[in-house]
>>> print(open('protein03.cif').read())   # mmCIF, C-alpha atoms
data_coords
loop_
_atom_site.label_atom_id
_atom_site.label_comp_id
_atom_site.auth_asym_id
_atom_site.auth_seq_id
_atom_site.Cartn_x
_atom_site.Cartn_y
_atom_site.Cartn_z
CA MET Q 1371 2.07 102.87 -69.61
CA GLU Q 1372 3.52 104.92 -72.48
CA LYS Q 1373 1.20 106.64 -74.92
CA LEU Q 1374 0.55 104.80 -78.21
CA GLU Q 1375 -1.05 107.51 -80.34
CA PHE Q 1376 0.76 110.75 -81.13
CA THR Q 1377 0.10 113.95 -82.98
CA ARG Q 1378 2.85 115.12 -85.31
CA GLU Q 1379 4.02 117.66 -82.77
CA GLU Q 1380 4.01 115.11 -79.94
CA LEU Q 1381 6.13 112.67 -81.95
CA TYR Q 1382 8.50 115.54 -82.78
CA ASN Q 1383 8.93 116.27 -79.06
CA LEU Q 1384 9.39 112.54 -78.37
CA VAL Q 1385 12.22 111.96 -80.87
CA TRP Q 1386 14.03 115.04 -79.49
CA SER Q 1387 13.59 113.87 -75.89
CA GLU Q 1388 15.69 110.68 -76.02
CA PRO Q 1389 17.83 108.74 -78.52
CA MET Q 1390 16.10 106.91 -81.39
CA SER Q 1391 17.68 103.59 -80.39
CA ARG Q 1392 16.07 103.84 -76.95
CA LEU Q 1393 12.69 104.75 -78.43
CA ALA Q 1394 12.90 101.88 -80.92
CA LYS Q 1395 13.62 99.46 -78.08
CA LYS Q 1396 10.69 100.77 -76.06
CA TYR Q 1397 8.26 100.59 -78.98
CA ASN Q 1398 7.73 97.70 -81.36
CA ILE Q 1399 9.65 99.31 -84.19
CA SER Q 1400 13.17 99.40 -85.60
CA ASP Q 1401 15.39 102.48 -85.72
CA ASN Q 1402 14.93 102.61 -89.47
CA GLY Q 1403 11.16 102.17 -89.18
CA LEU Q 1404 10.88 105.07 -86.74
CA ARG Q 1405 13.00 107.24 -89.03
CA LYS Q 1406 10.75 106.43 -91.98
CA ILE Q 1407 7.68 107.50 -89.98
CA CYS Q 1408 9.39 110.79 -89.13
CA LYS Q 1409 10.33 111.38 -92.76
CA LYS Q 1410 6.80 110.56 -93.91
CA HIS Q 1411 5.41 113.23 -91.58
CA SER Q 1412 8.25 115.72 -92.24
CA ILE Q 1413 9.50 115.51 -88.65
CA PRO Q 1414 13.17 116.54 -88.27
CA MET Q 1415 15.42 114.23 -86.26
CA PRO Q 1416 18.60 114.83 -84.20
CA GLN Q 1417 21.80 114.59 -86.21
CA LEU Q 1418 24.57 112.10 -85.46
CA GLY Q 1419 26.41 113.05 -82.26
CA TYR Q 1420 23.57 115.18 -80.91
CA TRP Q 1421 23.13 113.17 -77.70
CA GLN Q 1422 26.89 112.89 -77.10
CA LYS Q 1423 27.16 116.67 -77.23
CA ILE Q 1424 24.37 116.98 -74.65
CA GLN Q 1425 26.11 114.41 -72.47
CA TYR Q 1426 29.35 116.41 -72.39
CA GLY Q 1427 27.65 119.79 -71.98
CA TYR Q 1428 28.11 121.19 -75.47
CA LYS Q 1429 25.63 123.64 -76.92
CA VAL Q 1430 23.22 122.01 -79.40
CA VAL Q 1431 20.64 123.32 -81.82
CA LYS Q 1432 17.18 121.77 -82.02
CA THR Q 1433 15.72 121.88 -85.52
CA LYS Q 1434 12.28 123.44 -85.56
CA LEU Q 1435 9.23 121.49 -86.71
CA PRO Q 1436 8.32 122.77 -90.20
CA PRO Q 1437 4.67 123.34 -91.13
CA ILE Q 1438 2.93 120.94 -93.51
CA THR Q 1439 0.24 121.48 -96.11
CA LYS Q 1440 -1.63 118.22 -95.50
CA ASP Q 1441 -2.24 116.66 -92.07
CA GLN Q 1442 -2.26 112.83 -92.23
CA GLY Q 1443 -3.81 112.39 -88.80
CA ASN Q 1444 -2.41 110.88 -85.62
CA ILE Q 1445 0.55 108.50 -85.58
CA ASN Q 1446 0.26 105.12 -83.80
CA LEU Q 1447 3.10 103.20 -82.17
CA ARG Q 1448 2.99 99.96 -80.19
CA TYR Q 1449 4.54 99.68 -76.75
CA ARG Q 1450 6.33 96.67 -75.29
CA ASP Q 1451 7.16 96.03 -71.64
CA ASP Q 1452 10.44 95.12 -69.91
CA ASP Q 1453 10.07 91.43 -70.80
CA GLY Q 1454 9.67 92.19 -74.50
CA ASN Q 1455 5.93 91.45 -74.61
CA TYR Q 1456 3.98 93.62 -77.03
CA VAL Q 1457 1.25 95.61 -75.33
CA GLU Q 1458 -1.94 96.87 -76.96
CA ASN Q 1459 -3.46 98.14 -73.71
CA GLU Q 1460 -2.60 98.25 -70.04
CA LYS Q 1461 -3.79 94.70 -69.35
CA THR Q 1462 -0.76 92.53 -70.07
CA PRO Q 1463 -0.40 88.90 -68.88
CA LYS Q 1464 2.12 90.14 -66.34
CA SER Q 1465 -0.12 92.91 -65.01
CA ILE Q 1466 -3.16 90.60 -64.85
CA LEU Q 1467 -1.19 88.03 -62.87
CA LYS Q 1468 0.23 90.70 -60.60
CA VAL Q 1469 -3.26 91.95 -59.74
CA GLU Q 1470 -4.30 88.34 -59.01
CA TYR Q 1471 -1.34 87.93 -56.66
CA LEU Q 1472 -1.96 91.20 -54.83
CA ASN Q 1473 -5.69 90.54 -54.42
CA ASN Q 1474 -5.09 87.15 -52.79
CA PRO Q 1475 -4.51 87.68 -49.04
CA LYS Q 1476 -3.49 84.04 -48.60
CA LEU Q 1477 -0.31 84.47 -50.64
CA PRO Q 1478 2.88 85.01 -48.57
CA LEU Q 1479 4.34 87.83 -50.66
CA LYS Q 1480 6.84 89.06 -48.05
CA VAL Q 1481 10.10 87.51 -46.92
CA PRO Q 1482 9.89 87.38 -43.10
CA GLU Q 1483 12.62 88.75 -40.88
CA ARG Q 1484 12.79 85.47 -38.94
CA LEU Q 1485 12.71 81.88 -40.18
CA THR Q 1486 9.47 80.36 -38.88
CA SER Q 1487 8.24 76.77 -39.51
CA PRO Q 1488 10.68 76.28 -42.40
CA ASP Q 1489 9.96 73.89 -45.22
CA PRO Q 1490 11.70 70.47 -44.89
CA LEU Q 1491 13.93 71.32 -47.87
CA VAL Q 1492 15.03 74.49 -46.12
CA VAL Q 1493 15.69 72.54 -42.90
CA GLN Q 1494 17.81 70.10 -44.90
CA ALA Q 1495 19.78 72.98 -46.47
CA GLN Q 1496 20.18 74.63 -43.08
CA ASN Q 1497 21.68 71.47 -41.58
CA SER Q 1498 24.04 71.18 -44.51
CA LEU Q 1499 25.20 74.82 -44.37
CA LEU Q 1500 25.49 75.06 -40.57
CA GLN Q 1501 27.67 72.02 -39.95
CA LYS Q 1502 30.48 72.31 -37.48
CA LYS Q 1503 33.45 74.26 -38.81
CA ASN Q 1504 35.66 71.21 -38.95
CA GLU Q 1505 33.00 69.28 -40.91
CA ARG Q 1506 31.94 71.80 -43.57
CA PHE Q 1507 33.96 72.88 -46.58
CA ILE Q 1508 34.54 76.60 -47.12
CA TYR Q 1509 36.01 77.69 -50.45
CA ASN Q 1510 36.82 81.35 -51.22
CA GLY Q 1511 34.71 82.28 -48.19
CA PHE Q 1512 31.55 80.47 -49.40
CA VAL Q 1513 29.64 77.45 -48.11
CA GLU Q 1514 27.47 75.44 -50.47
CA THR Q 1515 24.71 72.85 -50.18
CA LYS Q 1516 24.97 69.37 -51.68
CA SER Q 1517 23.92 68.74 -55.29
CA SER Q 1518 20.75 66.91 -54.19
CA GLU Q 1519 19.61 69.78 -51.95
CA LEU Q 1520 18.36 73.32 -52.51
CA LYS Q 1521 21.03 75.20 -54.46
CA ILE Q 1522 22.51 77.77 -52.05
CA LYS Q 1523 26.04 79.18 -52.10
CA VAL Q 1524 26.69 82.09 -49.74
CA ALA Q 1525 29.07 83.34 -47.10
CA PRO Q 1526 28.48 81.79 -43.64
CA SER Q 1527 27.34 85.18 -42.28
CA ASN Q 1528 24.57 85.37 -44.93
CA ILE Q 1529 23.13 81.88 -44.40
CA PRO Q 1530 20.08 83.12 -42.36
CA ARG Q 1531 19.09 85.61 -45.08
CA ALA Q 1532 19.46 82.98 -47.82
CA LEU Q 1533 17.35 80.46 -45.90
CA ARG Q 1534 14.58 83.01 -45.28
CA PHE Q 1535 14.40 83.93 -48.95
CA MET Q 1536 14.37 80.32 -50.18
CA ASP Q 1537 11.73 79.39 -47.59
CA ALA Q 1538 9.54 82.31 -48.71
CA PHE Q 1539 9.96 81.35 -52.36
CA ILE Q 1540 8.99 77.71 -51.75
CA LYS Q 1541 5.97 78.64 -49.61
CA LEU Q 1542 4.77 81.09 -52.27
CA LEU Q 1543 5.22 78.35 -54.87
CA TYR Q 1544 3.03 76.00 -52.81
CA ALA Q 1545 0.46 78.72 -52.14
CA ARG Q 1546 0.02 79.15 -55.89
CA GLY Q 1547 -0.75 75.43 -56.23
CA HIS Q 1548 2.62 74.48 -57.71
CA LYS Q 1549 4.99 71.71 -56.64
CA ILE Q 1550 8.57 70.87 -55.76
CA ASP Q 1551 9.90 67.79 -57.50
CA TYR Q 1552 13.18 65.97 -58.14
CA LYS Q 1553 14.63 65.60 -61.62
CA HIS Q 1554 18.05 64.09 -62.27
CA SER Q 1555 18.59 64.00 -58.48
CA ARG Q 1556 18.18 67.80 -58.23
CA VAL Q 1557 15.49 69.89 -56.57
CA ASN Q 1558 13.16 71.34 -59.21
CA GLY Q 1559 10.05 73.47 -59.21
CA LEU Q 1560 7.11 72.12 -61.18
CA ILE Q 1561 4.63 74.56 -62.79
CA TYR Q 1562 2.10 73.50 -65.47
CA GLY Q 1563 4.05 70.28 -65.97
CA VAL Q 1564 7.32 72.14 -66.63
CA HIS Q 1565 10.36 71.42 -64.45
CA PHE Q 1566 12.75 74.26 -63.68
CA GLU Q 1567 15.85 74.57 -61.52
CA PHE Q 1568 16.32 77.48 -59.17
CA GLY Q 1569 19.06 78.54 -56.83
CA LEU Q 1570 20.53 81.34 -54.75
CA ARG Q 1571 24.15 82.40 -54.75
CA GLU Q 1572 26.22 85.29 -53.50
CA LYS Q 1573 28.39 87.18 -55.95
CA SER Q 1574 32.09 87.36 -55.27
CA THR Q 1575 34.50 90.24 -55.54
CA VAL Q 1576 37.90 89.81 -57.14
CA THR Q 1577 41.01 91.35 -55.64
CA LYS Q 1578 44.42 91.23 -57.29
CA VAL Q 1579 47.35 90.44 -54.98
CA LEU Q 1580 51.10 90.20 -55.56
CA ASP Q 1581 52.10 87.89 -52.69
CA PRO Q 1582 54.10 85.86 -53.60
CA TYR Q 1583 53.19 86.29 -57.30
CA PRO Q 1584 50.31 87.96 -59.20
CA ASN Q 1585 47.07 86.25 -58.33
CA GLN Q 1586 43.36 86.86 -57.81
CA VAL Q 1587 41.55 86.47 -54.51
CA TYR Q 1588 37.80 85.88 -54.46
CA SER Q 1589 35.71 86.96 -51.49
CA PRO Q 1590 31.96 87.33 -50.74
CA SER Q 1591 30.35 90.59 -51.83
CA GLY Q 1592 27.07 90.40 -49.91
CA ILE Q 1593 25.15 90.74 -53.21
CA PHE Q 1594 22.60 87.97 -53.73
CA VAL Q 1595 21.65 86.51 -57.13
CA PHE Q 1596 18.58 84.31 -57.58
CA SER Q 1597 18.57 82.23 -60.79
CA SER Q 1598 15.89 80.20 -62.52
CA ASN Q 1599 15.67 78.45 -65.88
CA PRO Q 1600 12.13 77.53 -66.91
CA TYR Q 1601 12.89 78.60 -70.49
CA ASN Q 1602 16.37 80.07 -70.33
CA THR Q 1603 18.35 81.11 -67.29
CA LYS Q 1604 17.40 84.48 -65.82
CA ASP Q 1605 19.02 86.20 -62.84
CA TRP Q 1606 17.60 88.63 -60.30
CA THR Q 1607 20.33 90.55 -58.50
CA ASP Q 1608 20.47 92.78 -55.45
CA GLY Q 1609 20.64 96.43 -56.36
CA LYS Q 1610 18.77 99.46 -55.17
CA ILE Q 1611 15.97 96.95 -54.73
CA LEU Q 1612 16.90 93.74 -52.89
CA ILE Q 1613 15.72 90.41 -54.25
CA GLU Q 1614 13.39 90.08 -51.24
CA GLU Q 1615 11.33 92.90 -52.79
CA LYS Q 1616 11.37 91.10 -56.15
CA LEU Q 1617 9.80 87.87 -54.87
CA LEU Q 1618 6.46 88.67 -56.51
CA ASP Q 1619 7.99 89.54 -59.89
CA ILE Q 1620 10.22 86.46 -59.78
CA LEU Q 1621 7.39 83.96 -59.46
CA ILE Q 1622 5.21 85.83 -61.98
CA TYR Q 1623 8.04 85.64 -64.51
CA ILE Q 1624 8.57 81.92 -63.87
CA GLU Q 1625 4.84 81.18 -64.09
CA LEU Q 1626 4.48 82.98 -67.42
CA LYS Q 1627 7.54 81.24 -68.88
CA CYS Q 1628 6.33 77.82 -67.71
CA LYS Q 1629 2.85 78.51 -69.08
CA ARG Q 1630 4.30 79.54 -72.43
CA LEU Q 1631 6.49 76.43 -72.58
CA SER Q 1632 3.58 74.22 -71.50
CA ASP Q 1633 1.40 75.71 -74.24
CA ILE Q 1634 4.15 75.09 -76.81
CA TRP Q 1635 4.46 71.47 -75.70
CA ALA Q 1636 0.67 71.02 -75.80
CA GLU Q 1637 0.51 72.49 -79.31
CA ASN Q 1638 3.40 70.29 -80.47
CA GLU Q 1639 1.66 67.24 -78.99
CA ARG Q 1640 -1.59 68.22 -80.72
CA LYS Q 1641 0.22 68.49 -84.05
CA ARG Q 1642 1.98 65.18 -83.41
CA GLN Q 1643 -1.37 63.47 -82.74
CA ILE Q 1644 -2.79 64.94 -85.94
CA GLU Q 1645 0.22 63.65 -87.86
CA LEU Q 1646 -0.11 60.21 -86.24
CA GLU Q 1647 -3.82 60.06 -87.10
CA ALA Q 1648 -3.08 61.13 -90.68
CA GLU Q 1649 -0.36 58.48 -90.95
CA GLN Q 1650 -2.70 55.85 -89.49
CA LYS Q 1651 -5.41 56.77 -92.01
CA ARG Q 1652 -2.85 56.62 -94.81
CA LYS Q 1653 -1.74 53.14 -93.72
CA GLU Q 1654 -5.35 51.98 -93.42
CA LEU Q 1655 -6.10 53.33 -96.90
CA LEU Q 1656 -3.04 51.56 -98.32
CA ALA Q 1657 -4.10 48.35 -96.57
CA ARG Q 1658 -7.64 48.62 -97.99
CA LYS Q 1659 -6.23 49.37 -101.43
CA GLN Q 1660 -3.91 46.37 -101.26
CA ALA Q 1661 -6.76 44.14 -100.07
CA GLU Q 1662 -8.88 45.41 -102.97
CA LEU Q 1663 -6.08 44.74 -105.45
CA ASN Q 1664 -5.64 41.26 -104.02
CA ALA Q 1665 -9.36 40.62 -104.39
CA VAL Q 1666 -9.31 41.82 -108.02
CA ALA Q 1667 -6.24 39.69 -108.73
CA ASP Q 1668 -8.02 36.68 -107.21
CA LEU Q 1669 -11.10 37.42 -109.34
CA LEU Q 1670 -8.94 37.62 -112.44
CA ASN Q 1671 -7.17 34.37 -111.58
CA GLN Q 1672 -10.47 32.58 -111.09
CA ALA Q 1673 -11.74 33.84 -114.44
CA ILE Q 1674 -8.55 32.67 -116.13
CA ARG Q 1675 -8.75 29.31 -114.36
CA LEU Q 1676 -12.36 28.88 -115.49
CA GLN Q 1677 -11.41 29.50 -119.12
CA HIS Q 1678 -8.41 27.20 -118.74
CA ALA Q 1679 -10.64 24.51 -117.28
CA HIS Q 1680 -13.10 24.81 -120.22
CA PHE Q 1681 -10.22 24.70 -122.68
CA ILE Q 1682 -8.55 21.65 -121.09
CA ARG Q 1683 -11.88 19.87 -120.57
CA GLU Q 1684 -12.62 20.21 -124.32
CA TYR Q 1685 -9.16 18.91 -125.11
CA VAL Q 1686 -9.63 15.84 -122.90
CA GLU Q 1687 -13.07 15.23 -124.48
CA ILE Q 1688 -11.53 15.37 -127.98
CA VAL Q 1689 -8.81 12.91 -126.93
CA ALA Q 1690 -11.48 10.49 -125.59
CA GLN Q 1691 -13.63 10.80 -128.74
CA ASN Q 1692 -10.62 10.27 -130.99
CA ALA Q 1693 -9.61 7.13 -129.05
CA GLN Q 1694 -13.12 5.68 -129.36
CA LYS Q 1695 -13.24 6.51 -133.06
CA ASN Q 1696 -9.89 4.81 -133.69
CA LEU Q 1697 -10.60 1.98 -131.25
CA ASN Q 1698 -7.51 2.99 -129.19
CA LEU Q 1699 -9.32 3.25 -125.87
CA ASN Q 1700 -7.47 1.03 -123.40
CA ALA Q 1701 -6.96 0.76 -119.63
CA GLU Q 1702 -3.95 3.07 -119.60
CA LEU Q 1703 -5.81 5.80 -121.52
CA ASN Q 1704 -8.86 5.37 -119.29
CA ASP Q 1705 -6.64 5.96 -116.24
CA TRP Q 1706 -5.20 9.08 -117.83
CA LEU Q 1707 -8.67 10.38 -118.72
CA SER Q 1708 -9.80 9.85 -115.11
CA TRP Q 1709 -6.68 11.58 -113.83
CA ALA Q 1710 -7.12 14.51 -116.23
CA LYS Q 1711 -10.83 14.98 -115.35
CA HIS Q 1712 -9.92 14.99 -111.64
CA LYS Q 1713 -7.20 17.59 -112.15
CA ILE Q 1714 -9.59 19.73 -114.20
CA ASP Q 1715 -12.16 19.55 -111.39
CA TRP Q 1716 -9.39 20.48 -108.92
CA TYR Q 1717 -8.35 23.43 -111.08
CA ASP Q 1718 -11.89 24.60 -111.99
CA PRO Q 1719 -12.79 27.54 -109.61
CA LEU Q 1720 -16.44 26.46 -109.62
CA ILE Q 1721 -15.65 22.93 -108.44
CA GLN Q 1722 -12.24 22.84 -106.69
CA VAL Q 1723 -12.29 19.24 -105.54
CA GLU Q 1724 -9.67 18.18 -103.03
CA ASP Q 1725 -6.43 16.63 -104.25
CA ASP Q 1726 -4.00 14.44 -102.32
CA LEU Q 1727 -0.92 16.29 -103.53
CA LEU Q 1728 -1.99 19.73 -104.72
CA ASP Q 1729 -3.55 22.67 -102.84
CA ASP Q 1730 -4.76 26.25 -103.44
CA ASP Q 1731 -1.23 27.69 -103.56
CA ASP Q 1732 -0.45 25.27 -106.37
CA ARG Q 1733 -3.47 26.56 -108.31
CA LYS Q 1734 -2.17 30.16 -108.00
CA THR Q 1735 1.34 29.14 -109.00
CA LEU Q 1736 0.01 27.24 -111.99
CA VAL Q 1737 -2.05 30.23 -113.17
CA GLU Q 1738 1.04 32.46 -113.03
CA ARG Q 1739 3.09 29.91 -114.93
CA LEU Q 1740 0.44 29.60 -117.60
CA ARG Q 1741 0.08 33.37 -117.89
CA LYS Q 1742 3.77 34.21 -118.01
CA LYS Q 1743 5.44 31.25 -119.65
CA TYR Q 1744 3.12 29.06 -121.72
CA MET Q 1745 0.53 31.44 -123.12
CA SER Q 1746 2.12 32.68 -126.32
CA ARG Q 1747 0.53 35.23 -128.60
CA PHE Q 1748 -0.73 32.40 -130.82
CA TYR Q 1749 -2.22 30.57 -127.84
CA ARG Q 1750 -4.04 33.70 -126.69
CA TYR Q 1751 -5.29 34.19 -130.27
CA LYS Q 1752 -6.68 30.67 -130.29
CA LEU Q 1753 -8.46 31.22 -127.00
CA ASP Q 1754 -10.10 34.33 -128.38
CA ILE Q 1755 -11.21 32.51 -131.51
CA TYR Q 1756 -12.70 29.47 -129.80
CA PHE Q 1757 -13.99 30.91 -126.54
CA ARG Q 1758 -14.22 34.66 -127.29
CA LEU Q 1759 -12.32 35.50 -124.14
CA PRO Q 1760 -12.18 39.26 -123.37
CA LEU Q 1761 -8.86 38.76 -121.60
CA GLN Q 1762 -6.21 40.12 -123.96
CA GLY Q 1763 -5.37 43.04 -121.67
CA GLN Q 1764 -5.30 40.89 -118.54
CA LEU Q 1765 -3.27 38.04 -120.04
CA LYS Q 1766 -0.34 40.12 -121.26
CA GLY Q 1767 2.61 38.54 -119.51
#
>>> encode(input="protein03.cif", output="structure tokens")
Amino acid sequence: MEKLEFTREELYNLVWSEPMSRLAKKYNISDNGLRKICKKHSIPMPQLGYWQKIQYGYKVVKTKLPPITKDQGNINLRYRDDDGNYVENEKTPKSILKVEYLNNPKLPLKVPERLTSPDPLVVQAQNSLLQKKNERFIYNGFVETKSSELKIKVAPSNIPRALRFMDAFIKLLYARGHKIDYKHSRVNGLIYGVHFEFGLREKSTVTKVLDPYPNQVYSPSGIFVFSSNPYNTKDWTDGKILIEEKLLDILIYIELKCKRLSDIWAENERKRQIELEAEQKRKELLARKQAELNAVADLLNQAIRLQHAHFIREYVEIVAQNAQKNLNLNAELNDWLSWAKHKIDWYDPLIQVEDDLLDDDDRKTLVERLRKKYMSRFYRYKLDIYFRLPLQGQLKG
């Protein structure tokens, strides 16, 4: 791992050893940020075109490191690895997982030279790729598996190598406790609950021809490319190191990406549950508040009904006394007085006798009608005078 702490002289030697853009990419710092650090510590930097001159063999002059009057101590930079992960020490998630892989003798970390006891998916792909010549379709020199099978597209001569690699990858996946699953009728790996597609293809070379008119001819190159997309698509390509030697790094990369995505999903689900619980509590509070308001409104209505009942009962009593005084009490008036007393008892919240025609909804409707339509300012004033009702605020219609 690269050094993180530098003396002034060491940082001077570093910035004159390779371009600033490359250093900034290696360390968790921008070009401008690195330049500011150098200026702060009076460290000269290569001028524009310095590295191009070196590239083409021109003579260059290296500015000497000037002395300073006050030493500000060592300079710290942070390193990041090839995957862009910031590193504080040598134990990165990638390195920890790599040690775990290498210390597990049960893991098949090598691609064998011969295909032995292949996985059923590999057998299925093999049967598809090795059909009789008149039955299989070859396009631009490549054969390809069906969409519902392992994704393999190579030249016929490279089928054995492709099958060995895919078999090794699947067996390593199983050895790590992961699964193979189908999603949207395609073969997918499944790690930490995250589905990902994977496939192997052979790159093609392009040749321009002039027979009978300018055209391009594609042909197999022998260079393998393994692709996977647990987070975004990443390719591993044959180079100085073949993809067979990258099997360990491939699965480590996929595991870390799936773990990261799984953690993001888990955190999003946790936040969603918190939001749902908060919304549920809010609805319950609103329901309790509405129930409380309904109870208060019912209490108010009963108080108003009680005062109404007292007021009407006194009126009916006055009518009866006046009829007796004036000798006007007859059968018709007696019937009315009986009817009125029954309706008062029906309306009175402390009595509430049953009525053949009216029910509780009619009581509520009647209260609203009396409050909004019939209770004028003068009527409310009279109630206050005779019954000292503390209801002026409540009775405002």
>>> residues_around(input="protein03.cif", residues="region 1630-1636 of chain Q", least_positions_apart="4", cutoff="9 Å", atoms="only C-alpha atoms", output="PyMOL selection string")
chain Q and resi 1561-1564+1600-1601+1625-1626+1640-1641
>>> atom_distance(input="protein03.cif", atom1="CA of Arg1546 (chain Q)", atom2="CA of Glu1637 (chain Q)")
24.4 Å
>>> resolve_selection(input="protein03.cif", expression="the PyMOL selection byres ((chain Q and resi 1435) around 12)", output="ChimeraX atom specification")
/Q:1378-1383,1385-1386,1408-1409,1411-1416,1432-1434,1436-1438
>>> atom_distance(input="protein03.cif", atom1="CA of Leu1542 (chain Q)", atom2="CA of Thr1486 (chain Q)")
14.2 Å
>>> residues_around(input="protein03.cif", residues="region 1511-1517 of chain Q", least_positions_apart="5", cutoff="12 Å", atoms="all atoms listed in the file", output="ChimeraX atom specification")
/Q:1491-1503,1505-1506,1522-1529,1532-1533,1552-1558,1567,1569-1575,1587-1592
>>> closest_residue(input="protein03.cif", among="Q:Ile1714, Q:Ile1445, Q:Leu1740, Q:Leu1477", to="Asn1671 (chain Q)", atoms="only C-alpha atoms")
Q:Leu1740
